[in-house]
Structures are given as structure tokens and as C-alpha cells.
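The data block below is protein29.cif; it holds mmCIF, C-alpha atoms.
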```cif
data_model
loop_
_atom_site.label_atom_id
_atom_site.label_comp_id
_atom_site.auth_asym_id
_atom_site.auth_seq_id
_atom_site.Cartn_x
_atom_site.Cartn_y
_atom_site.Cartn_z
CA MET U 24 -27.26 52.19 -38.60
CA SER U 25 -27.95 49.04 -40.63
CA GLN U 26 -29.59 45.95 -39.16
CA ALA U 27 -26.40 43.88 -39.62
CA GLU U 28 -24.35 46.49 -37.81
CA THR U 29 -26.88 46.57 -34.98
CA GLN U 30 -26.79 42.78 -34.64
CA LEU U 31 -22.99 42.72 -34.57
CA ARG U 32 -22.86 45.50 -32.00
CA THR U 33 -25.39 43.68 -29.81
CA GLN U 34 -23.51 40.38 -30.11
CA TRP U 35 -20.16 41.90 -29.16
CA HIS U 36 -21.75 43.86 -26.35
CA SER U 37 -23.26 40.74 -24.75
CA PRO U 38 -22.07 37.41 -26.29
CA SER U 39 -24.43 35.20 -24.23
CA ASP U 40 -25.10 32.84 -27.16
CA ILE U 41 -21.39 32.04 -27.46
CA LEU U 42 -21.21 31.44 -23.71
CA SER U 43 -23.95 28.82 -24.00
CA LEU U 44 -22.00 27.08 -26.76
CA LEU U 45 -18.72 27.17 -24.84
CA LEU U 46 -20.32 25.51 -21.83
CA ILE U 47 -20.77 22.31 -23.86
CA LEU U 48 -17.25 22.20 -25.39
CA GLY U 49 -14.19 20.42 -23.98
CA PRO U 50 -15.56 17.78 -21.58
CA GLU U 51 -12.42 15.63 -21.99
CA VAL U 52 -10.27 18.35 -20.43
CA ILE U 53 -12.62 18.52 -17.44
CA GLN U 54 -12.49 14.76 -16.91
CA ARG U 55 -8.69 14.62 -17.00
CA ALA U 56 -8.34 17.59 -14.68
CA LEU U 57 -10.68 15.93 -12.19
CA ALA U 58 -8.78 12.65 -12.50
CA GLN U 59 -5.61 14.52 -11.54
CA LEU U 60 -7.05 16.18 -8.43
CA ALA U 61 -10.10 14.25 -7.23
CA GLY U 62 -10.16 11.51 -4.62
CA SER U 63 -8.99 13.30 -1.50
CA GLY U 64 -12.07 15.06 -0.13
CA TYR U 65 -12.22 18.76 -0.92
CA VAL U 66 -10.97 19.59 -4.40
CA PRO U 67 -10.56 23.27 -5.40
CA VAL U 68 -12.00 23.22 -8.91
CA GLY U 69 -13.14 26.40 -10.59
CA PHE U 70 -15.88 27.23 -13.08
CA SER U 71 -14.93 26.72 -16.73
CA PHE U 72 -16.27 25.77 -20.14
CA GLY U 73 -17.17 22.16 -20.82
CA TRP U 74 -18.88 21.36 -17.53
CA VAL U 75 -22.36 20.89 -18.98
CA ALA U 76 -21.19 18.34 -21.55
CA TYR U 77 -19.02 16.61 -18.97
CA SER U 78 -21.90 16.27 -16.50
CA VAL U 79 -24.02 14.57 -19.17
CA ASN U 80 -21.11 12.29 -20.18
CA SER U 81 -20.55 11.27 -16.56
CA LEU U 82 -24.25 10.46 -16.20
CA VAL U 83 -24.06 8.20 -19.25
CA ALA U 84 -20.91 6.53 -17.85
CA ILE U 85 -22.48 5.97 -14.45
CA ALA U 86 -25.56 4.45 -16.04
CA GLY U 87 -23.33 2.18 -18.13
CA ASP U 88 -20.04 0.77 -16.79
CA GLY U 89 -20.04 2.99 -13.71
CA GLY U 90 -16.77 4.75 -14.45
CA LEU U 91 -15.79 8.36 -13.73
CA MET U 92 -12.05 7.94 -14.22
CA PRO U 93 -10.82 8.30 -17.82
CA ALA U 94 -9.11 5.45 -19.64
CA ALA U 95 -5.33 5.27 -19.47
CA ASP U 96 -3.89 7.91 -21.80
CA SER U 97 -0.32 6.60 -21.65
CA GLN U 98 0.73 3.09 -22.62
CA ALA U 99 2.15 0.87 -19.88
CA LEU U 100 2.80 -2.80 -19.20
CA VAL U 101 2.67 -4.14 -15.63
CA VAL U 102 4.79 -7.26 -15.07
CA ASN U 103 4.58 -9.45 -11.98
CA ALA U 104 8.14 -10.26 -10.87
CA SER U 105 7.20 -13.51 -9.10
CA PHE U 106 5.36 -15.28 -11.92
CA GLY U 107 6.17 -13.20 -15.02
CA HIS U 108 2.52 -12.34 -15.68
CA GLN U 109 2.12 -9.38 -18.02
CA ARG U 110 -0.89 -7.10 -17.96
CA ASN U 111 -1.66 -4.28 -20.39
CA ASN U 112 -2.45 -1.34 -18.17
CA GLN U 113 -5.98 0.05 -18.15
CA ALA U 114 -5.58 2.29 -15.09
CA TRP U 115 -5.17 5.99 -15.79
CA ILE U 116 -3.08 6.57 -12.66
CA ILE U 117 -0.44 3.93 -13.56
CA GLY U 118 -0.03 5.32 -17.06
CA ARG U 119 0.48 8.82 -15.63
CA LEU U 120 2.90 7.47 -12.99
CA LEU U 121 5.22 6.11 -15.71
CA ARG U 122 4.75 9.10 -18.02
CA ASP U 123 5.58 11.64 -15.33
CA TYR U 124 8.55 9.60 -14.11
CA GLU U 125 10.00 9.72 -17.63
CA LYS U 126 9.56 13.48 -17.78
CA ARG U 127 11.50 13.94 -14.54
CA ALA U 128 14.24 11.45 -15.41
CA GLU U 129 17.69 12.42 -16.59
CA PRO U 130 17.84 12.45 -20.42
CA PHE U 131 19.49 9.53 -22.21
CA SER U 132 22.70 9.98 -24.16
CA PRO U 133 21.88 10.04 -27.90
CA ASN U 134 25.27 8.59 -28.89
CA LYS U 135 25.50 4.78 -28.92
CA SER U 136 29.30 4.85 -28.94
CA SER U 137 29.39 7.08 -25.85
CA PRO U 138 30.37 5.52 -22.50
CA GLU U 139 27.22 7.20 -21.14
CA TRP U 140 25.00 5.16 -23.46
CA GLU U 141 22.19 3.27 -21.70
CA ALA U 142 20.30 0.53 -23.51
CA LEU U 143 18.03 0.17 -20.50
CA ARG U 144 17.54 2.04 -17.24
CA ILE U 145 15.82 0.24 -14.38
CA SER U 146 14.79 2.42 -11.43
CA ILE U 147 13.89 0.61 -8.23
CA PHE U 148 11.50 2.06 -5.64
CA LYS U 149 10.23 0.99 -2.25
CA TRP U 150 6.91 1.86 -0.65
CA ASP U 151 6.83 4.32 2.22
CA GLU U 152 5.74 2.32 5.28
CA HIS U 153 4.84 5.47 7.23
CA LYS U 154 2.36 7.03 4.80
CA GLU U 155 -1.14 5.94 3.91
CA GLN U 156 -1.24 4.74 0.33
CA GLY U 157 -4.13 6.16 -1.68
CA ARG U 158 -4.01 9.45 0.22
CA PRO U 159 -2.40 12.05 -2.07
CA THR U 160 -0.31 14.97 -0.91
CA ARG U 161 -1.17 18.48 -2.08
CA ASP U 162 1.05 20.11 -4.66
CA TRP U 163 1.05 23.36 -6.61
CA LEU U 164 -1.69 22.13 -8.93
CA TRP U 165 -4.04 21.68 -5.97
CA TYR U 166 -3.23 25.10 -4.51
CA SER U 167 -3.57 26.76 -7.91
CA GLY U 168 -7.25 25.87 -7.81
CA ILE U 169 -7.78 28.05 -4.73
CA VAL U 170 -6.06 30.97 -6.45
CA ILE U 171 -8.23 30.54 -9.55
CA ILE U 172 -11.46 30.38 -7.51
CA VAL U 173 -10.60 33.61 -5.67
CA LEU U 174 -9.72 35.30 -8.98
CA GLN U 175 -12.96 34.16 -10.64
CA LEU U 176 -15.14 35.39 -7.79
CA SER U 177 -13.29 38.73 -7.79
CA ILE U 178 -13.94 39.22 -11.52
CA SER U 179 -17.60 38.22 -11.20
CA ILE U 180 -18.20 40.89 -8.55
CA ILE U 181 -17.11 43.73 -10.87
CA PRO U 182 -20.44 44.05 -12.80
CA TRP U 183 -22.30 43.95 -9.48
CA VAL U 184 -20.24 46.90 -8.23
CA LEU U 185 -20.28 48.88 -11.48
CA MET U 186 -23.75 48.14 -12.86
CA SER U 187 -25.67 46.56 -9.93
CA GLU U 188 -25.79 43.41 -12.07
CA TRP U 189 -25.55 40.52 -9.60
CA ALA U 190 -26.51 37.66 -11.94
CA THR U 191 -22.90 37.11 -13.10
CA THR U 192 -21.70 36.69 -9.52
CA VAL U 193 -24.48 34.23 -8.75
CA LEU U 194 -23.81 32.20 -11.92
CA VAL U 195 -20.05 32.02 -11.29
CA ALA U 196 -20.52 31.10 -7.64
CA GLY U 197 -23.10 28.49 -8.61
CA GLY U 198 -20.79 27.03 -11.27
CA ILE U 199 -17.92 26.81 -8.78
CA GLY U 200 -20.19 25.08 -6.26
CA LEU U 201 -21.41 22.54 -8.82
CA ALA U 202 -17.85 21.85 -9.99
CA GLN U 203 -16.65 21.19 -6.45
CA ALA U 204 -19.66 18.95 -5.76
CA GLN U 205 -18.82 16.93 -8.88
CA ALA U 206 -15.18 16.59 -7.80
CA ALA U 207 -16.14 15.54 -4.26
CA LEU U 208 -18.05 12.41 -5.33
CA PRO U 209 -16.63 9.42 -3.37
CA GLN U 210 -16.66 7.34 -6.55
CA TRP U 211 -13.47 9.11 -7.65
CA LYS U 212 -11.52 7.62 -4.75
CA ALA U 213 -13.13 4.21 -5.20
CA GLU U 214 -11.97 4.06 -8.83
CA LYS U 215 -8.63 5.81 -8.54
CA TRP U 216 -7.23 3.27 -6.06
CA ALA U 217 -9.48 0.28 -6.84
CA CYS U 218 -7.13 -2.40 -5.54
CA PRO U 219 -6.21 -4.16 -2.27
CA ARG U 220 -2.98 -3.64 -0.33
CA ASN U 221 -0.11 -6.10 0.21
CA GLY U 222 0.98 -5.93 -3.42
CA GLY U 223 3.94 -7.89 -4.76
CA THR U 224 6.94 -6.67 -6.72
CA VAL U 225 6.00 -5.36 -10.17
CA SER U 226 7.77 -3.70 -13.06
CA ILE U 227 6.16 -0.94 -15.14
CA THR U 228 7.40 -0.22 -18.65
CA LYS U 229 6.09 0.43 -22.16
CA GLY U 230 7.58 -2.76 -23.55
CA ASN U 231 10.23 -3.75 -26.06
CA GLY U 232 12.16 -0.76 -27.38
CA HIS U 233 11.34 1.32 -24.34
CA ARG U 234 14.37 2.24 -22.22
CA HIS U 235 12.69 3.01 -18.90
CA VAL U 236 11.55 0.49 -16.30
CA MET U 237 10.07 1.29 -12.90
CA VAL U 238 10.34 -1.51 -10.34
CA LEU U 239 8.19 -1.21 -7.20
CA LEU U 240 9.22 -3.71 -4.54
CA GLY U 241 6.48 -5.65 -2.79
CA SER U 242 5.34 -4.62 0.68
CA PRO U 243 2.42 -5.21 3.07
CA LYS U 244 1.62 -1.50 2.61
CA ALA U 245 1.93 -1.61 -1.18
CA LEU U 246 -0.99 -1.06 -3.52
CA ASP U 247 -1.59 -4.14 -5.67
CA LEU U 248 -0.77 -2.46 -8.97
CA GLU U 249 -1.34 -5.64 -10.95
CA ILE U 250 -5.00 -5.62 -9.93
CA LEU U 251 -5.25 -1.85 -10.34
CA ALA U 252 -3.92 -2.19 -13.90
CA ALA U 253 -6.97 -4.30 -14.78
CA GLY U 254 -9.04 -1.10 -14.67
CA SER U 255 -11.53 -2.10 -12.00
CA LYS U 256 -14.30 0.46 -11.41
CA GLY U 257 -14.54 -0.23 -7.68
CA GLY U 258 -17.75 -2.30 -7.70
CA ASP U 259 -21.41 -1.47 -8.27
CA LEU U 260 -22.50 2.06 -7.53
CA PRO U 261 -25.11 2.71 -4.83
CA VAL U 262 -28.38 4.20 -6.05
CA LEU U 263 -27.68 7.39 -4.08
CA MET U 264 -24.51 7.99 -6.12
CA LYS U 265 -26.40 7.63 -9.39
CA VAL U 266 -29.06 10.03 -8.14
CA ALA U 267 -26.35 12.56 -7.16
CA VAL U 268 -24.75 12.42 -10.63
CA ALA U 269 -28.16 12.82 -12.28
CA GLY U 270 -28.93 15.78 -10.02
CA LEU U 271 -25.65 17.46 -10.93
CA ALA U 272 -26.32 16.97 -14.64
CA ALA U 273 -29.76 18.57 -14.23
CA SER U 274 -28.26 21.48 -12.26
CA TRP U 275 -25.66 22.14 -14.97
CA THR U 276 -28.42 22.15 -17.59
CA ILE U 277 -30.34 24.73 -15.57
CA LEU U 278 -27.20 26.86 -15.34
CA LEU U 279 -26.77 26.60 -19.14
CA ILE U 280 -30.33 27.82 -19.73
CA THR U 281 -29.80 30.70 -17.31
CA VAL U 282 -26.57 31.78 -19.02
CA ALA U 283 -28.36 31.83 -22.38
CA GLY U 284 -30.74 34.49 -21.00
CA LEU U 285 -27.99 36.70 -19.56
CA LYS U 286 -28.13 40.20 -21.11
CA GLN U 287 -25.43 42.01 -19.13
CA GLY U 288 -22.07 40.98 -17.74
CA SER U 289 -21.43 38.32 -20.39
CA TRP U 290 -17.83 39.41 -20.91
CA TYR U 291 -17.09 38.97 -17.22
CA LEU U 292 -18.58 35.48 -17.32
CA LEU U 293 -16.56 34.75 -20.44
CA ALA U 294 -13.39 35.91 -18.67
CA THR U 295 -13.99 33.67 -15.64
CA GLY U 296 -14.73 30.67 -17.87
CA THR U 297 -11.60 31.26 -19.93
CA ILE U 298 -9.43 31.44 -16.80
CA GLY U 299 -10.99 28.22 -15.53
CA MET U 300 -10.43 26.45 -18.85
CA ILE U 301 -6.77 27.49 -18.96
CA GLN U 302 -6.30 26.13 -15.45
CA ASN U 303 -7.97 22.85 -16.38
CA ILE U 304 -5.70 22.47 -19.39
CA VAL U 305 -2.64 23.06 -17.22
CA VAL U 306 -3.86 20.66 -14.51
CA SER U 307 -4.82 17.90 -16.93
CA SER U 308 -1.45 17.89 -18.70
CA SER U 309 1.10 18.79 -16.01
CA PRO U 310 3.38 16.07 -14.57
CA ARG U 311 3.01 15.28 -10.87
CA SER U 312 5.04 13.44 -8.28
CA PRO U 313 3.97 9.92 -7.21
CA ASN U 314 3.02 11.36 -3.80
CA ALA U 315 0.47 13.65 -5.47
CA PHE U 316 -1.13 10.51 -6.97
CA GLY U 317 -1.37 8.89 -3.55
CA ILE U 318 1.47 6.49 -4.41
CA HIS U 319 4.08 7.09 -1.73
CA ILE U 320 7.35 5.58 -2.89
CA SER U 321 11.02 6.48 -2.61
CA HIS U 322 13.83 5.79 -5.06
CA ILE U 323 16.53 3.44 -3.76
CA GLN U 324 18.52 2.24 -6.78
CA THR U 325 19.06 2.85 -10.49
CA ILE U 326 20.48 0.11 -12.69
CA LYS U 327 22.07 1.19 -15.95
CA ALA U 328 23.83 -0.82 -18.65
CA SER U 329 24.90 -0.46 -22.25
CA LYS U 330 23.22 -3.79 -23.08
CA VAL U 331 19.71 -4.89 -22.19
CA SER U 332 20.88 -8.34 -21.06
CA LYS U 333 23.40 -6.81 -18.67
CA ALA U 334 20.76 -4.54 -17.14
CA LEU U 335 18.41 -7.50 -16.70
CA MET U 336 21.17 -9.53 -15.07
CA LYS U 337 21.93 -6.72 -12.60
CA ALA U 338 18.20 -6.37 -11.85
CA GLU U 339 17.93 -10.12 -11.19
CA GLN U 340 20.90 -9.94 -8.85
CA TYR U 341 19.32 -7.05 -6.97
CA CYS U 342 15.83 -8.58 -6.69
CA SER U 343 15.08 -12.16 -7.66
CA GLY U 344 12.50 -12.46 -10.41
CA VAL U 345 12.73 -8.91 -11.74
CA GLY U 346 15.27 -9.64 -14.49
CA THR U 347 13.80 -12.96 -15.63
CA SER U 348 10.24 -11.61 -15.69
CA LEU U 349 11.35 -8.83 -18.05
CA ILE U 350 13.14 -11.12 -20.52
CA PRO U 351 9.99 -11.90 -22.58
CA VAL U 352 9.18 -8.18 -22.61
CA PHE U 353 12.48 -7.03 -24.09
CA ASN U 354 13.29 -10.23 -26.00
CA PRO U 355 9.96 -11.41 -27.44
CA GLY U 356 11.71 -13.46 -30.13
CA GLY U 357 13.87 -15.41 -27.69
CA PHE U 358 16.81 -14.57 -25.47
CA ARG U 359 20.42 -15.51 -26.24
CA ALA U 360 22.77 -15.00 -23.33
CA PRO U 361 26.15 -13.35 -24.05
CA PRO U 362 29.14 -15.64 -23.26
CA ASP U 363 30.08 -13.80 -20.07
CA GLU U 364 26.54 -14.20 -18.69
CA ILE U 365 25.94 -17.89 -19.50
CA ASP U 366 26.94 -19.18 -16.05
CA PHE U 367 24.65 -16.72 -14.32
CA TRP U 368 21.60 -17.50 -16.44
CA GLN U 369 22.23 -21.26 -16.23
CA LYS U 370 22.13 -20.98 -12.46
CA ILE U 371 18.90 -18.99 -12.61
CA THR U 372 17.43 -21.57 -15.02
CA SER U 373 18.34 -24.39 -12.64
CA GLU U 374 16.69 -22.62 -9.72
CA LYS U 375 13.50 -22.05 -11.70
CA GLN U 376 13.39 -25.66 -12.83
CA HIS U 377 13.77 -26.73 -9.20
CA LEU U 378 10.80 -24.51 -8.34
CA ASP U 379 8.78 -26.28 -11.04
CA VAL U 380 9.63 -29.68 -9.62
CA LYS U 381 8.49 -28.61 -6.15
CA THR U 382 5.28 -27.24 -7.63
CA HIS U 383 4.46 -30.40 -9.55
CA ASN U 384 5.19 -32.50 -6.45
CA GLY U 385 2.48 -30.61 -4.62
CA LYS U 386 4.85 -28.71 -2.35
CA GLY U 387 4.27 -25.36 -3.97
CA ASN U 388 1.43 -23.23 -5.18
CA PRO U 389 -0.30 -25.15 -8.01
CA LEU U 390 -0.96 -21.85 -9.77
CA GLU U 391 2.75 -21.05 -10.05
CA HIS U 392 4.51 -21.82 -13.29
CA ARG U 393 7.95 -21.37 -14.70
CA SER U 394 8.64 -18.29 -16.75
CA GLU U 395 8.50 -19.12 -20.45
CA THR U 396 11.96 -17.60 -20.81
CA SER U 397 13.70 -20.29 -18.78
CA THR U 398 14.05 -22.62 -21.75
CA ALA U 399 16.24 -20.07 -23.54
CA LEU U 400 18.06 -18.48 -20.65
CA ALA U 401 21.24 -20.49 -20.84
CA GLN U 402 21.65 -20.68 -24.59
CA PRO U 403 24.79 -18.88 -25.73
CA GLU U 404 24.56 -15.86 -27.95
CA ARG U 405 25.15 -16.69 -31.60
CA ARG U 406 28.03 -14.92 -33.21
#
```
I'd like the structure from this file rewritten - as C-alpha cells, please.
Amino acid sequence: MSQAETQLRTQWHSPSDILSLLLILGPEVIQRALAQLAGSGYVPVGFSFGWVAYSVNSLVAIAGDGGLMPAADSQALVVNASFGHQRNNQAWIIGRLLRDYEKRAEPFSPNKSSPEWEALRISIFKWDEHKEQGRPTRDWLWYSGIVIIVLQLSISIIPWVLMSEWATTVLVAGGIGLAQAQAALPQWKAEKWACPRNGGTVSITKGNGHRHVMVLLGSPKALDLEILAAGSKGGDLPVLMKVAVAGLAASWTILLITVAGLKQGSWYLLATGTIGMIQNIVVSSSPRSPNAFGIHISHIQTIKASKVSKALMKAEQYCSGVGTSLIPVFNPGGFRAPPDEIDFWQKITSEKQHLDVKTHNGKGNPLEHRSETSTALAQPERR
């Protein structure tokens, strides 16, 4: 048997070198999977590839801006209905809230001449007064983690039973323990819902050209999504938290070195890591309900119209400020009211001007200001 053939046979018999390489690949998937599930105490996260690289990345993040949560991976604009303030979303959870809502929503009609055509769909939600905001409910993604952990431990026991090789079981169990310790860090909760309560009414959309709008009515129990959208990291980290993250990174490095020296049972370790990676991919990309994000809301109304201006008018009639605050978003070049809507928008303009007068007279909040759309609200649409 040639030397090359011997080397290939040895490698395929025990691919420990490949296992060491796989442990440092794919940290982004780990971070997004943790962002989906973490923040509610115990998190059933299994052993998978990428954990070593992720632990080092999290240590660098903690030493820098102190952030464990990933940046928003879905564009969103948060608009304050009272003052018209617009904020580009930086919070991962708000971007996922809008993205997953769109995936669950009824598809739009593709035909503009169809009576089912919708230029804009505005869905209105209220906050659940009986549930604690920032406390997520468990869904199938959470329970799938328990199934995966049991499956991984079962596979890792096989070489122990067949070959009296217990190292694989110890490594898998150790990896699962480290993963769950990383997911249980309290910093996840501090960042995921880094905002006060008593939030006002806000609209969430992707901006001009986007046909979905989520409106969350203000409530004393509401999360202040406008502040959350700023991407706050929840304040300075205590020294103990930084020490814990550093300790986890060191532990993962030790596990990597140990895996590199494994001579038997490598295929079983490879199988458990592959199963864990598949689960992380599914968890990181799957849509979830708002309740699973700790945002407990219920749908109360959907406003549909074949013209954007008509939808905004209906939204303004339903909740004052919602329609006018969205005018600059969907009409950045200026808004021209259709003839049948002129009276309505003139009335709204008059009310907003009256609010300005009260403000300038010192009877209102000096920080309030009229929406920049009010100067164009009552102008008729040019033919």
C-alpha cells in the first residue's frame, strides 16, 4: 500500500483535522440563532460547528461596543405617529418583526387593474395588556433544540458502547454545556429589549415603494420601539460579564485543541456537529410570531386601498397622526391631495396649525413641531 493511499485511508477513518477546521467556520449562523432564541433564561442550544469562532467574536464585541445581538438584517423605518419623527432601524428584533409579518401576510394581487389591487396595506395592532412584554413564548424552534440535544447525546454514546471510546461523549456533552452557558448570558435580554415601557404609537415599514405598514398603538405596557430602534446595547457591561465571556472563549479554545487530538469516534462527532449546524441554520432563518420575540400584540384592523393617499386618509381617520406621519415616507417629493380628499386634508392641516400656535404660545410641549407635510396637505392634485 502506497504512502498516499495510507494517508487517505487514515484521514477518512478519523477526520479530526477537518473537525478542527469546521469548529471555526460559520460564526454568523450561531449569532443569529442565538438572537432568535436567547433572552428568556434556559435556551436549548446544541453543539455545532462555528462555536469557537463565535466565542472569539463575542469576546471582541464585548471588549468593544459591548454588543452580543447582531445588527438588523432586514431594513425597517420606525415612524413616531405623534411628531412624525423617522428613525432608521438598528434593532435586529424590529427588522425581524416586520420581515416575519410580511411572510405570514396574505399575498398582494399582481394585477393593478384588479379590484383586489392594494397600493398600500396598513395593519394595526394593539399591545396585550395581560402579558409581560419582553418575555417570549416558546414555539417549535425552542422545542426543536431539546430534540436536537437528545439526538446528539444519543449519537455520541454509540462509540462508547461499541468501542469503549468515551471521549466523543464527553466532548459533545461539554460542547452542549458551553453553548447553553453562552446562550444564558443575561446580556442577551438586556440588549434584545433595551428600551423602556409606555411607548407611543409607531408605524414600521420599509419606506417609499413598500406596500406593508405595521402600526402598533401606544400603551402604558408597550415597548418604546422608537428607542429600541436606535440600537441601544443596554448600558455598560459589568466586569463579571466580560470575565464570563472571556472564560467561555478560553473553554471553546480548549475544546478545539482536544478535538484536534481525537483519534477515534471522529465521524460520530462530525455527525453531531452537522445536525447542530443544520438546526442553527433553520433557527436563524425561520419566521416567528411576535409572541416568540417577546412582543405580545394582537391584530385589530387592516386598512387597504387602491391608492396610497386613500389608505393614509383611512389610517388618519382610525388613529390621529398615523396617516399624516406617513405622508413624508410615501411621498418624499411632496403630497398632492386628490380632489375628493381635499376637504379632509384641509381640516387636518388646520388642526395641526392650531397645535403649532398653542405650542408657540407656551401652552404645549416646546419640543413638539408640526409635521413637514402640513404645508402640502391641502394642495389639490394636478391633473
Written as a PyMOL selection string, what is the full residue list that the PyMOL selection byres ((chain U and resi 259-273) around 10) yields on the file shown? chain U and resi 74-83+85-86+88-90+201-202+204-205+208-210+213+256-258+274-279
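Going from atom CA of Glu141 of chain U over to atom CA of Glu125 of chain U, you cover 14.4 Å.
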Neighbouring residues of segment 234-239 of chain U were defined as those with any atom within 6 Å, considering all atoms listed in the file; residues of the same chain fewer than 6 positions away were excluded. Please report them as a list in words.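 Here the qualifying residues turn out to be Leu143, Arg144, Ile145, Ser146, Ile147, Phe148, Lys149, Thr224, Val225, Ser226, Ile227 and Thr228 of chain U.
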Okay, now the selection with C-alpha atoms, as a compact mmCIF listing (two decimals), in the frame of the given file?
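Saved file result.txt follows:
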```
# COMPACT_ATOMS: atom_id res chain seq x y z
CA LEU U 143 18.03 0.17 -20.50
CA ARG U 144 17.54 2.04 -17.24
CA ILE U 145 15.82 0.24 -14.38
CA SER U 146 14.79 2.42 -11.43
CA ILE U 147 13.89 0.61 -8.23
CA PHE U 148 11.50 2.06 -5.64
CA LYS U 149 10.23 0.99 -2.25
CA THR U 224 6.94 -6.67 -6.72
CA VAL U 225 6.00 -5.36 -10.17
CA SER U 226 7.77 -3.70 -13.06
CA ILE U 227 6.16 -0.94 -15.14
CA THR U 228 7.40 -0.22 -18.65
```
Residue by residue, what does the PyMOL selection byres ((chain U and resi 95) around 10) grab here? Present the result as a list in words.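 So the PyMOL selection byres ((chain U and resi 95) around 10), applied here, picks out Met92, Pro93, Ala94, Asp96, Ser97, Gln98, Ala99, Asn112, Gln113, Ala114, Trp115, Ile116, Ile117, Gly118, Arg119, Ala252 and Gly254 of chain U.
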How many Å separate atom CA of Lys126 of chain U from atom CA of Tyr341 of chain U? 25.2 Å
Can you list, as a list in words, every protein, DNA or RNA residue that comes within 9 Å of Ile318 of chain U when you count only C-alpha atoms, leaving out same-chain residues fewer than 4 positions away? Leu120, Trp150, Asp151, Glu155, Gln156, Gly157, Arg158, Pro159, Ala245, Leu246, Ser312, Pro313 and Asn314 of chain U
Could you tell me how far atom CA of Ser308 of chain U lies from atom CA of Leu164 of chain U, in Å and to one decimal? 10.7 Å
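Within the 8 Å cut-off around Gln302 of chain U, using all atoms listed in the file and omitting residues fewer than 4 positions from it on the same chain, the listed residues are Gly168, Ile171, Ile298 and Val306 of chain U.
The point (0.2, -6.5, -0.3) has these residues within 9 Å of it, counting only C-alpha atoms: Pro219, Arg220, Asn221, Gly222, Gly223, Gly241, Ser242, Pro243, Lys244, Ala245, Leu246 and Asp247 of chain U.
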Carefully work through the PyMOL selection byres ((chain U and resi 190) around 12) for this structure and note down the residues it includes, as a PDB file with C-alpha atoms, in the frame of the given file.
```pdb
ATOM      1  CA  SER U 179     -17.600  38.220 -11.200  1.00  0.00           C
ATOM      2  CA  ILE U 180     -18.200  40.890  -8.550  1.00  0.00           C
ATOM      3  CA  ILE U 181     -17.110  43.730 -10.870  1.00  0.00           C
ATOM      4  CA  PRO U 182     -20.440  44.050 -12.800  1.00  0.00           C
ATOM      5  CA  TRP U 183     -22.300  43.950  -9.480  1.00  0.00           C
ATOM      6  CA  VAL U 184     -20.240  46.900  -8.230  1.00  0.00           C
ATOM      7  CA  MET U 186     -23.750  48.140 -12.860  1.00  0.00           C
ATOM      8  CA  SER U 187     -25.670  46.560  -9.930  1.00  0.00           C
ATOM      9  CA  GLU U 188     -25.790  43.410 -12.070  1.00  0.00           C
ATOM     10  CA  TRP U 189     -25.550  40.520  -9.600  1.00  0.00           C
ATOM     11  CA  THR U 191     -22.900  37.110 -13.100  1.00  0.00           C
ATOM     12  CA  THR U 192     -21.700  36.690  -9.520  1.00  0.00           C
ATOM     13  CA  VAL U 193     -24.480  34.230  -8.750  1.00  0.00           C
ATOM     14  CA  LEU U 194     -23.810  32.200 -11.920  1.00  0.00           C
ATOM     15  CA  VAL U 195     -20.050  32.020 -11.290  1.00  0.00           C
ATOM     16  CA  ALA U 196     -20.520  31.100  -7.640  1.00  0.00           C
ATOM     17  CA  GLY U 197     -23.100  28.490  -8.610  1.00  0.00           C
ATOM     18  CA  LEU U 278     -27.200  26.860 -15.340  1.00  0.00           C
ATOM     19  CA  THR U 281     -29.800  30.700 -17.310  1.00  0.00           C
ATOM     20  CA  VAL U 282     -26.570  31.780 -19.020  1.00  0.00           C
ATOM     21  CA  GLY U 284     -30.740  34.490 -21.000  1.00  0.00           C
ATOM     22  CA  LEU U 285     -27.990  36.700 -19.560  1.00  0.00           C
ATOM     23  CA  LYS U 286     -28.130  40.200 -21.110  1.00  0.00           C
ATOM     24  CA  GLN U 287     -25.430  42.010 -19.130  1.00  0.00           C
ATOM     25  CA  GLY U 288     -22.070  40.980 -17.740  1.00  0.00           C
ATOM     26  CA  SER U 289     -21.430  38.320 -20.390  1.00  0.00           C
ATOM     27  CA  TYR U 291     -17.090  38.970 -17.220  1.00  0.00           C
ATOM     28  CA  LEU U 292     -18.580  35.480 -17.320  1.00  0.00           C
TER      29      LEU U 292
END
```
Name all residues at most 8 Å from Val66 of chain U (count all atoms listed in the file; drop same-chain ones fewer than 5 positions away) and give them as a VMD selection string. chain U and resid 60 to 61 165 203 206 to 207
Determine the nearest neighbour of Ser167 of chain U from the options U:Leu57, U:Leu293, U:Ala315, U:Val68, counting all atoms listed in the file. U:Val68
Coordinates of box centre and edge lengths for segment 317-320 of chain U, 6 Å on every side, axis-aligned, as lines of an AutoDock Vina configuration file:
```
center_x = 3.0
center_y = 7.2
center_z = -3.1
size_x = 20.7
size_y = 15.3
size_z = 14.7
```
